[in-house]
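J.: Data file target06.cif (mmCIF, C-alpha atoms) is appended below.
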```
data_data
loop_
_atom_site.group_PDB
_atom_site.id
_atom_site.type_symbol
_atom_site.label_atom_id
_atom_site.label_comp_id
_atom_site.auth_asym_id
_atom_site.auth_seq_id
_atom_site.Cartn_x
_atom_site.Cartn_y
_atom_site.Cartn_z
ATOM 1 C CA MET A 1035 -3.506 6.491 -7.278
ATOM 2 C CA LYS A 1036 -3.988 3.310 -5.344
ATOM 3 C CA VAL A 1037 -5.638 5.135 -2.487
ATOM 4 C CA ALA A 1038 -7.881 8.118 -2.973
ATOM 5 C CA ASP A 1039 -7.892 10.989 -0.527
ATOM 6 C CA VAL A 1040 -11.306 10.707 1.030
ATOM 7 C CA SER A 1041 -13.075 12.353 3.941
ATOM 8 C CA CYS A 1042 -14.446 10.627 7.018
ATOM 9 C CA GLN A 1043 -17.915 11.539 5.745
ATOM 10 C CA THR A 1044 -17.310 9.718 2.478
ATOM 11 C CA VAL A 1045 -15.946 6.688 4.270
ATOM 12 C CA GLY A 1046 -18.917 6.737 6.662
ATOM 13 C CA GLY A 1047 -21.163 6.332 3.645
ATOM 14 C CA LEU A 1048 -19.339 3.126 2.731
ATOM 15 C CA LEU A 1049 -19.655 1.533 6.158
ATOM 16 C CA SER A 1050 -22.796 -0.573 5.676
ATOM 17 C CA ARG A 1051 -21.872 -1.638 2.167
ATOM 18 C CA TRP A 1052 -18.439 -2.726 3.382
ATOM 19 C CA TYR A 1053 -20.130 -5.063 5.854
ATOM 20 C CA ASP A 1054 -22.523 -6.250 3.164
ATOM 21 C CA GLY A 1055 -19.552 -7.011 0.921
ATOM 22 C CA THR A 1056 -21.035 -4.960 -1.899
ATOM 23 C CA LEU A 1057 -18.295 -2.360 -2.346
ATOM 24 C CA ALA A 1058 -16.245 -2.327 -5.501
ATOM 25 C CA GLU A 1059 -12.668 -3.443 -4.945
ATOM 26 C CA VAL A 1060 -11.263 0.069 -5.105
ATOM 27 C CA GLU A 1061 -13.914 1.368 -2.689
ATOM 28 C CA ALA A 1062 -13.161 -1.408 -0.226
ATOM 29 C CA ASP A 1063 -9.458 -0.582 -0.455
ATOM 30 C CA VAL A 1064 -10.158 3.079 0.244
ATOM 31 C CA TYR A 1065 -12.425 2.175 3.150
ATOM 32 C CA GLU A 1066 -9.953 -0.198 4.774
ATOM 33 C CA GLN A 1067 -6.932 2.018 4.361
ATOM 34 C CA HIS A 1068 -8.843 4.949 5.814
ATOM 35 C CA MET A 1069 -9.682 2.778 8.840
ATOM 36 C CA LEU A 1070 -5.988 2.236 9.479
ATOM 37 C CA VAL A 1071 -5.179 5.932 9.629
ATOM 38 C CA CYS A 1072 -8.351 7.211 11.319
ATOM 39 C CA PRO A 1073 -9.097 5.922 14.841
ATOM 40 C CA PRO A 1074 -12.497 7.721 15.061
ATOM 41 C CA CYS A 1075 -13.732 5.936 11.922
ATOM 42 C CA GLN A 1076 -12.249 2.693 13.220
ATOM 43 C CA ARG A 1077 -14.352 3.116 16.361
ATOM 44 C CA GLN A 1078 -17.470 3.607 14.222
ATOM 45 C CA ASN A 1079 -16.572 0.467 12.322
ATOM 46 C CA ASP A 1080 -16.208 -1.446 15.561
ATOM 47 C CA LYS A 1081 -19.535 -0.167 16.909
ATOM 48 C CA LEU A 1082 -21.341 -1.332 13.793
ATOM 49 C CA ARG A 1083 -19.566 -4.680 13.929
ATOM 50 C CA VAL A 1084 -20.722 -5.193 17.518
ATOM 51 C CA ALA A 1085 -24.262 -4.110 16.662
ATOM 52 C CA LEU A 1086 -24.478 -6.416 13.663
ATOM 53 C CA ALA A 1087 -23.126 -9.295 15.694
ATOM 54 C CA ALA A 1088 -25.832 -8.717 18.310
ATOM 55 C CA ILE A 1089 -28.753 -8.775 15.887
ATOM 56 C CA PRO A 1090 -29.163 -12.575 15.706
ATOM 57 C CA ALA A 1091 -29.404 -12.705 19.478
ATOM 58 C CA VAL A 1092 -32.338 -10.297 19.580
ATOM 59 C CA ALA A 1093 -35.666 -12.037 20.165
ATOM 60 C CA ASP A 1094 -38.162 -12.085 17.317
ATOM 61 C CA VAL A 1095 -40.481 -9.383 18.589
ATOM 62 C CA ARG A 1096 -43.970 -9.231 17.120
ATOM 63 C CA PRO A 1097 -46.445 -6.444 17.782
ATOM 64 C CA GLY A 1098 -49.503 -7.303 19.843
ATOM 65 C CA ALA A 1099 -52.973 -7.387 18.286
ATOM 66 C CA GLU A 1100 -53.919 -4.127 19.969
ATOM 67 C CA LEU A 1101 -50.917 -2.276 18.479
ATOM 68 C CA VAL A 1102 -51.639 -3.678 15.017
ATOM 69 C CA THR A 1103 -55.264 -2.557 15.230
ATOM 70 C CA GLU A 1104 -54.214 0.901 16.359
ATOM 71 C CA LEU A 1105 -51.604 1.246 13.587
ATOM 72 C CA LEU A 1106 -54.096 0.181 10.929
ATOM 73 C CA ARG A 1107 -56.668 2.630 12.284
ATOM 74 C CA TYR A 1108 -54.076 5.412 12.204
ATOM 75 C CA ALA A 1109 -53.116 4.538 8.619
ATOM 76 C CA ARG A 1110 -56.741 4.562 7.502
ATOM 77 C CA GLU A 1111 -57.380 7.925 9.107
ATOM 78 C CA HIS A 1112 -54.209 9.657 7.945
ATOM 79 C CA GLY A 1113 -53.455 7.849 4.718
ATOM 80 C CA SER A 1114 -50.225 6.035 4.065
ATOM 81 C CA ALA A 1115 -48.527 8.723 1.966
ATOM 82 C CA GLY A 1116 -45.861 10.402 3.995
ATOM 83 C CA VAL A 1117 -46.468 8.208 6.988
ATOM 84 C CA TRP A 1118 -44.539 5.112 6.116
ATOM 85 C CA MET B 793 7.377 -20.936 -1.663
ATOM 86 C CA THR B 794 6.583 -17.252 -2.153
ATOM 87 C CA ALA B 795 6.797 -15.267 1.047
ATOM 88 C CA TYR B 796 3.823 -13.190 2.111
ATOM 89 C CA TRP B 797 3.126 -11.061 5.175
ATOM 90 C CA LYS B 798 0.135 -9.985 7.167
ATOM 91 C CA PHE B 799 -0.350 -7.146 9.626
ATOM 92 C CA LEU B 800 -2.572 -7.862 12.602
ATOM 93 C CA ARG B 801 -3.685 -5.969 15.670
ATOM 94 C CA SER B 802 -2.150 -6.856 19.010
ATOM 95 C CA GLY B 803 -2.990 -10.389 20.036
ATOM 96 C CA ARG B 804 -3.168 -11.759 16.460
ATOM 97 C CA VAL B 805 -6.495 -10.032 15.733
ATOM 98 C CA SER B 806 -7.450 -9.140 12.175
ATOM 99 C CA PRO B 807 -7.726 -5.410 11.425
ATOM 100 C CA PHE B 808 -11.365 -4.984 10.473
ATOM 101 C CA ALA B 809 -13.462 -8.048 11.256
ATOM 102 C CA ARG B 810 -11.468 -8.592 14.474
ATOM 103 C CA TYR B 811 -10.998 -12.239 13.661
ATOM 104 C CA PRO B 812 -8.744 -13.872 16.271
ATOM 105 C CA TRP B 813 -6.108 -15.762 14.307
ATOM 106 C CA PRO B 814 -5.011 -19.115 15.667
ATOM 107 C CA GLY B 815 -1.378 -19.586 16.546
ATOM 108 C CA PRO B 816 1.345 -20.364 14.014
ATOM 109 C CA GLY B 817 0.812 -23.467 11.925
ATOM 110 C CA HIS B 818 -2.986 -23.646 12.092
ATOM 111 C CA TRP B 819 -4.683 -23.270 8.720
ATOM 112 C CA VAL B 820 -7.545 -20.838 8.269
ATOM 113 C CA GLU B 821 -9.822 -21.500 5.324
ATOM 114 C CA VAL B 822 -12.691 -19.891 3.416
ATOM 115 C CA PRO B 823 -14.608 -21.365 0.449
ATOM 116 C CA ALA B 824 -13.017 -19.093 -2.165
ATOM 117 C CA ALA B 825 -10.896 -15.967 -2.464
ATOM 118 C CA VAL B 826 -12.841 -12.903 -3.606
ATOM 119 C CA PRO B 827 -10.880 -9.688 -3.106
ATOM 120 C CA CYS B 828 -12.357 -7.420 -0.427
ATOM 121 C CA ARG B 829 -15.296 -9.783 0.181
ATOM 122 C CA GLN B 830 -14.040 -13.163 1.162
ATOM 123 C CA GLY B 831 -10.643 -14.627 1.670
ATOM 124 C CA ILE B 832 -7.451 -14.145 3.547
ATOM 125 C CA HIS B 833 -5.683 -10.941 2.665
ATOM 126 C CA ALA B 834 -1.918 -10.697 2.765
ATOM 127 C CA CYS B 835 0.909 -8.446 1.610
ATOM 128 C CA ARG B 836 3.682 -8.713 -0.868
ATOM 129 C CA PRO B 837 6.704 -6.650 0.181
ATOM 130 C CA ALA B 838 5.494 -3.669 -1.863
ATOM 131 C CA ASP B 839 2.102 -3.775 -0.125
ATOM 132 C CA LEU B 840 3.438 -3.485 3.415
ATOM 133 C CA PRO B 841 3.202 0.304 3.904
ATOM 134 C CA TYR B 842 -0.477 0.318 2.974
ATOM 135 C CA TRP B 843 -1.502 -1.939 5.857
ATOM 136 C CA LEU B 844 0.685 -1.023 8.834
ATOM 137 C CA LEU B 845 -0.518 -2.306 12.188
ATOM 138 C CA ASP B 846 0.778 -3.591 15.508
ATOM 139 C CA GLU B 847 2.021 -7.059 14.582
ATOM 140 C CA LEU B 848 3.644 -8.340 11.403
ATOM 141 C CA TRP B 849 3.522 -12.041 10.563
ATOM 142 C CA GLN B 850 4.968 -14.117 7.799
ATOM 143 C CA VAL B 851 2.145 -16.197 6.334
ATOM 144 C CA GLU B 852 1.874 -19.124 4.006
ATOM 145 C CA LEU B 853 -0.926 -18.976 1.449
ATOM 146 C CA ALA B 854 -2.533 -21.923 -0.310
ATOM 147 C CA GLY B 855 -5.040 -22.292 -3.120
ATOM 148 C CA GLU B 856 -5.453 -19.721 -5.856
ATOM 149 C CA VAL B 857 -3.740 -16.477 -4.863
ATOM 150 C CA VAL B 858 -5.529 -13.488 -6.403
ATOM 151 C CA SER B 859 -3.457 -10.320 -6.830
ATOM 152 C CA THR B 860 -4.849 -6.799 -6.479
ATOM 153 C CA PRO B 861 -2.904 -3.523 -6.643
ATOM 154 C CA THR B 862 -2.263 -3.358 -2.901
ATOM 155 C CA LYS B 863 -2.697 -6.912 -1.621
ATOM 156 C CA VAL B 864 -3.198 -10.575 -2.428
ATOM 157 C CA VAL B 865 -6.112 -12.776 -1.418
ATOM 158 C CA ALA B 866 -6.152 -16.520 -0.919
ATOM 159 C CA PRO B 867 -8.649 -19.120 0.318
ATOM 160 C CA ARG B 868 -6.240 -20.719 2.801
ATOM 161 C CA ALA B 869 -3.491 -19.358 4.989
ATOM 162 C CA ARG B 870 -1.588 -19.984 8.116
ATOM 163 C CA LEU B 871 0.674 -17.853 10.219
ATOM 164 C CA LEU B 872 4.271 -19.001 10.127
ATOM 165 C CA ALA B 873 6.207 -16.702 12.415
ATOM 166 C CA ARG B 874 5.935 -13.235 13.824
ATOM 167 C CA VAL B 875 8.429 -10.670 12.555
ATOM 168 C CA ASP B 876 9.740 -9.622 15.945
ATOM 169 C CA ALA B 877 11.723 -6.748 14.477
ATOM 170 C CA TRP B 878 8.439 -4.940 13.784
ATOM 171 C CA ASN B 879 7.594 -3.642 17.247
ATOM 172 C CA ALA B 880 6.674 -0.321 18.865
ATOM 173 C CA ASP B 881 10.265 0.956 18.720
ATOM 174 C CA MET B 882 10.627 0.088 15.055
ATOM 175 C CA ALA B 883 7.239 1.635 14.289
ATOM 176 C CA ARG B 884 8.399 4.877 15.951
ATOM 177 C CA GLU B 885 11.634 4.777 13.956
ATOM 178 C CA PHE B 886 9.688 4.269 10.750
ATOM 179 C CA GLY B 887 7.327 7.086 11.716
ATOM 180 C CA TRP B 888 10.240 9.453 12.214
ATOM 181 C CA GLU B 889 11.684 8.447 8.842
ATOM 182 C CA CYS B 890 8.333 9.412 7.328
ATOM 183 C CA VAL B 891 8.596 12.784 9.072
ATOM 184 C CA VAL B 892 12.080 13.207 7.579
ATOM 185 C CA ARG B 893 10.733 12.410 4.118
ATOM 186 C CA THR B 894 7.882 14.889 4.596
ATOM 187 C CA ALA B 895 10.409 17.532 5.629
ATOM 188 C CA GLN B 896 12.486 16.815 2.527
ATOM 189 C CA HIS B 897 9.439 17.248 0.298
ATOM 190 C CA ALA B 898 8.524 20.476 2.079
ATOM 191 C CA ALA B 899 12.078 21.837 1.833
ATOM 192 C CA ALA B 900 12.231 21.010 -1.868
ATOM 193 C CA GLU B 901 8.920 22.752 -2.472
ATOM 194 C CA LEU B 902 10.048 25.801 -0.513
ATOM 195 C CA ALA B 903 13.283 25.947 -2.503
ATOM 196 C CA ASP B 904 11.384 25.611 -5.793
ATOM 197 C CA ALA B 905 9.243 28.554 -4.718
ATOM 198 C CA GLY B 906 12.369 30.670 -4.134
ATOM 199 C CA LEU B 907 12.066 30.441 -0.358
ATOM 200 C CA ALA B 908 15.635 29.348 0.311
ATOM 201 C CA ALA B 909 15.804 30.636 3.886
ATOM 202 C CA PRO B 910 12.813 28.660 5.243
ATOM 203 C CA ALA B 911 14.036 25.622 3.292
ATOM 204 C CA ALA B 912 17.430 25.904 4.995
ATOM 205 C CA ASP B 913 15.670 26.473 8.318
ATOM 206 C CA LEU B 914 13.794 23.168 7.877
ATOM 207 C CA ALA B 915 16.958 21.347 6.866
ATOM 208 C CA GLN B 916 18.694 22.708 9.952
ATOM 209 C CA ALA B 917 15.863 21.521 12.217
ATOM 210 C CA MET B 918 16.100 18.033 10.713
ATOM 211 C CA ALA B 919 19.899 17.864 10.844
ATOM 212 C CA GLY B 920 20.474 16.522 14.340
ATOM 213 C CA PRO B 921 18.821 13.804 16.371
ATOM 214 C CA PRO B 922 15.006 13.792 16.265
ATOM 215 C CA ALA B 923 13.759 17.059 17.770
ATOM 216 C CA PRO B 924 9.990 17.226 17.163
ATOM 217 C CA GLY B 925 9.581 20.607 18.857
ATOM 218 C CA GLU B 926 12.229 22.270 16.687
ATOM 219 C CA VAL B 927 10.815 20.679 13.542
ATOM 220 C CA THR B 928 7.307 21.869 14.364
ATOM 221 C CA ALA B 929 8.557 25.403 15.014
ATOM 222 C CA ALA B 930 10.498 25.425 11.737
ATOM 223 C CA GLY B 931 7.434 24.053 9.938
ATOM 224 C CA ILE B 932 5.238 26.833 11.304
ATOM 225 C CA ARG B 933 7.794 29.452 10.262
ATOM 226 C CA ALA B 934 7.834 27.880 6.793
ATOM 227 C CA ILE B 935 4.018 28.040 6.567
ATOM 228 C CA GLN B 936 4.117 31.725 7.451
ATOM 229 C CA ALA B 937 6.851 32.412 4.902
ATOM 230 C CA ALA B 938 4.963 30.511 2.201
ATOM 231 C CA GLU B 939 1.734 32.350 2.947
ATOM 232 C CA ALA B 940 3.503 35.705 2.817
ATOM 233 C CA ALA B 941 4.987 34.763 -0.564
ATOM 234 C CA GLY B 942 1.754 33.337 -1.949
ATOM 235 C CA ALA B 943 3.452 29.963 -2.387
ATOM 236 C CA GLN B 944 0.430 27.738 -1.827
ATOM 237 C CA ALA B 945 2.014 24.310 -2.377
ATOM 238 C CA ALA B 946 4.963 25.187 -0.154
ATOM 239 C CA GLY B 947 2.514 26.181 2.564
ATOM 240 C CA TRP B 948 0.593 22.923 2.231
ATOM 241 C CA LEU B 949 3.709 20.794 2.385
ATOM 242 C CA SER B 950 5.002 22.663 5.407
ATOM 243 C CA GLY B 951 1.604 22.074 6.985
ATOM 244 C CA TYR B 952 1.886 18.367 6.276
ATOM 245 C CA LEU B 953 5.215 18.397 8.087
ATOM 246 C CA VAL B 954 3.642 19.974 11.176
ATOM 247 C CA ASP B 955 0.809 17.418 10.956
ATOM 248 C CA ALA B 956 3.249 14.523 10.649
ATOM 249 C CA VAL B 957 5.238 15.578 13.710
ATOM 250 C CA GLY B 958 2.019 16.087 15.653
ATOM 251 C CA ALA B 959 0.675 12.678 14.626
ATOM 252 C CA LEU B 960 3.828 10.824 15.572
ATOM 253 C CA PRO B 961 3.126 10.343 19.307
ATOM 254 C CA THR B 962 -0.657 10.093 19.135
ATOM 255 C CA GLU B 963 -1.808 8.539 15.865
ATOM 256 C CA PRO B 964 -1.198 5.148 14.255
ATOM 257 C CA VAL B 965 2.091 4.999 12.358
ATOM 258 C CA ALA B 966 -0.016 4.313 9.257
ATOM 259 C CA ALA B 967 -1.285 7.885 9.582
ATOM 260 C CA VAL B 968 2.230 9.353 9.610
ATOM 261 C CA ALA B 969 3.148 7.267 6.570
ATOM 262 C CA TYR B 970 0.006 8.449 4.837
ATOM 263 C CA ILE B 971 0.819 12.113 5.558
ATOM 264 C CA ALA B 972 4.220 11.617 3.910
ATOM 265 C CA VAL B 973 2.484 10.140 0.860
ATOM 266 C CA ARG B 974 0.099 13.079 0.658
ATOM 267 C CA ALA B 975 3.006 15.509 0.926
ATOM 268 C CA ALA B 976 4.855 13.771 -1.903
ATOM 269 C CA ARG B 977 1.753 13.851 -4.093
ATOM 270 C CA HIS B 978 1.189 17.544 -3.499
ATOM 271 C CA ARG B 979 4.548 18.649 -4.883
ATOM 272 C CA SER B 980 3.971 21.230 -7.581
ATOM 273 C CA VAL B 981 6.396 19.422 -9.881
ATOM 274 C CA PRO B 982 5.185 16.189 -11.517
ATOM 275 C CA THR B 983 6.072 13.173 -9.384
ATOM 276 C CA ASP B 984 5.425 9.452 -9.539
ATOM 277 C CA PRO B 985 2.373 9.048 -7.266
ATOM 278 C CA GLU B 986 3.564 5.667 -6.013
ATOM 279 C CA ALA B 987 7.182 6.649 -5.382
ATOM 280 C CA GLU B 988 6.682 7.414 -1.693
ATOM 281 C CA ARG B 989 5.003 4.082 -1.019
ATOM 282 C CA ARG B 990 7.841 2.348 -2.854
ATOM 283 C CA TRP B 991 10.355 4.146 -0.671
ATOM 284 C CA GLN B 992 8.425 3.124 2.446
ATOM 285 C CA ALA B 993 8.240 -0.509 1.326
ATOM 286 C CA GLY B 994 11.961 -0.512 0.613
ATOM 287 C CA TRP B 995 12.725 0.893 4.060
ATOM 288 C CA LEU B 996 10.562 -1.735 5.765
ATOM 289 C CA VAL B 997 12.010 -4.637 3.810
ATOM 290 C CA ARG B 998 15.567 -3.483 4.416
ATOM 291 C CA ARG B 999 15.187 -2.557 8.067
ATOM 292 C CA LEU B 1000 13.138 -5.614 9.007
ATOM 293 C CA ASP B 1001 15.417 -7.886 7.019
ATOM 294 C CA LEU B 1002 12.401 -9.838 5.828
ATOM 295 C CA PRO B 1003 13.129 -13.427 4.916
ATOM 296 C CA GLY B 1004 12.639 -14.426 1.308
ATOM 297 C CA VAL B 1005 12.885 -10.926 -0.109
#
```
Spell out the structure here as structure tokens.

T.:
Amino acid sequence: MKVADVSCQTVGGLLSRWYDGTLAEVEADVYEQHMLVCPPCQRQNDKLRVALAAIPAVADVRPGAELVTELLRYAREHGSAGVW
Amino acid sequence: MTAYWKFLRSGRVSPFARYPWPGPGHWVEVPAAVPCRQGIHACRPADLPYWLLDELWQVELAGEVVSTPTKVVAPRARLLARVDAWNADMAREFGWECVVRTAQHAAAELADAGLAAPAADLAQAMAGPPAPGEVTAAGIRAIQAAEAAGAQAAGWLSGYLVDAVGALPTEPVAAVAYIAVRAARHRSVPTDPEAERRWQAGWLVRRLDLPGV
């Protein structure tokens, strides 16, 4: 079949990779054709597109020295395993 | 020059990336055509039913045209002219034709399962001018008859018919076309899985009188 029958959940799992351009050709076909028949998934696609487009406009936020000190203290006290 | 087509959203906007296409005659270019990653995607006549949207344009492609099973991709393209025949009325007409096809598949499956009366009931509901309410009612009766007889495929196909009628006024026409394809593929007798899409492409080409086909 040229188009597989897939669920919205399956297609949702392809969303990020579609934007990254890393889907195989057949996966991309499935993703795009599902978008055409499924308005809810299309809306999800559009939300991600808007979010990705906004990322470059976000200021480069760096944590203050006090936050860094506090995070490092927390990591030392609790260990990194399971925290990060 | 080979003729190609492209479906766009209203206002000449691309389906997924929402790229606003310039007006007819202006070339759009990318460095290279890589299917599904980079390039300008377009349809051959057989590809049309896979990509149904609001506007249909004839496009000219340039550079290396890469073919895939359901589309072609090129590094350069320009819109030539909008296919005015593809509009909301024509989309509704096509959608109803897909409902008719779904009903035919359901009726055939019912008949194969020995359920001649519900099959005739469906045929009767489809006989006159489009009557979605009557078709839905006949579809529901067919589901009940199939369930009572343990005819699983006949029940599914009748369900697809009810879905198709329900989708007609609310969902994209691509969804109605897709339901018809699913119905065709769920016949219990072996069928060509691409036959329904071929029928849809043929209908579109014929009804839209596409130039160059």

J.: Name the residues in contact with region 950-961 of chain B at a cut-off of 6 Å, using only C-alpha atoms, excluding same-chain residues fewer than 6 positions from it; report them as a list in words.

T.: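 Listed by chain and then number, they are Val891, Thr894, Ala895, Ala898, Thr928, Gly931, Ile935 and Val968 of chain B.
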
J.: Starting from the shown file, work through the PyMOL selection byres ((chain B) within 9 of (chain A)) and note down what comes out as an MDAnalysis selection string.

T.: chainID B and resid 807:810 827:830 842:845 860:862 963:970 974 985:986

J.: Counting only C-alpha atoms, select every polymer residue within 10 Å of (-4.5, -11.3, 10.5) as defined in the file's coordinates, and provide the selection as number ranges by chain.

T.: B: 797-814, 832-834, 845, 847-849, 851, 869-871

J.: Could you jot down the CA of Phe886 (chain B) to CA of Ala934 (chain B) separation for me, Å, one decimal place?

T.: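 Computing it gives 24.0 Å between the two atoms.
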
J.: Would you compute the distance between CA of Ser1050 (chain A) and CA of Leu1086 (chain A)? Give it in Å to one decimal.

T.: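 Pair CA of Ser1050 (chain A) / CA of Leu1086 (chain A) returns 10.0 Å.
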
J.: Just the residues within 8 Å of Ala930 (chain B), please, counting only C-alpha atoms, with nothing from its chain fewer than 5 positions along; format it as an MDAnalysis selection string.

T.: chainID B and resid 910 913:914 917

J.: Would you compute the distance between CA of Met882 (chain B) and CA of Ala972 (chain B)? Give it in Å to one decimal.

T.: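 Rounded to one decimal, the two atoms are 17.3 Å apart.
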
J.: Do you know which residues are at most 10 Å from Ala938 (chain B) counting only C-alpha atoms, after dropping those on the same chain fewer than 2 positions away, and could you put them as a PyMOL selection string?

T.: chain B and resi 901-902+905-907+910+932-936+940-950

J.: Within 10 Å of Glu821 (chain B), counting only C-alpha atoms, which residues show up once you throw out same-chain ones fewer than 3 positions away? Write them as a ChimeraX atom specification, please.

T.: /B:818,824-825,831-832,854-855,866-870

J.: Report the centre and edge lengths, in Å to one decimal, of an axis-aligned box enclosing every atom of region 933-946 of chain B listed in the file, padded by 3 Å on each side, as AutoDock Vina command-line options.

T.:
```
--center_x 4.1 --center_y 30.0 --center_z 3.9 --size_x 13.4 --size_y 17.4 --size_z 18.6
```
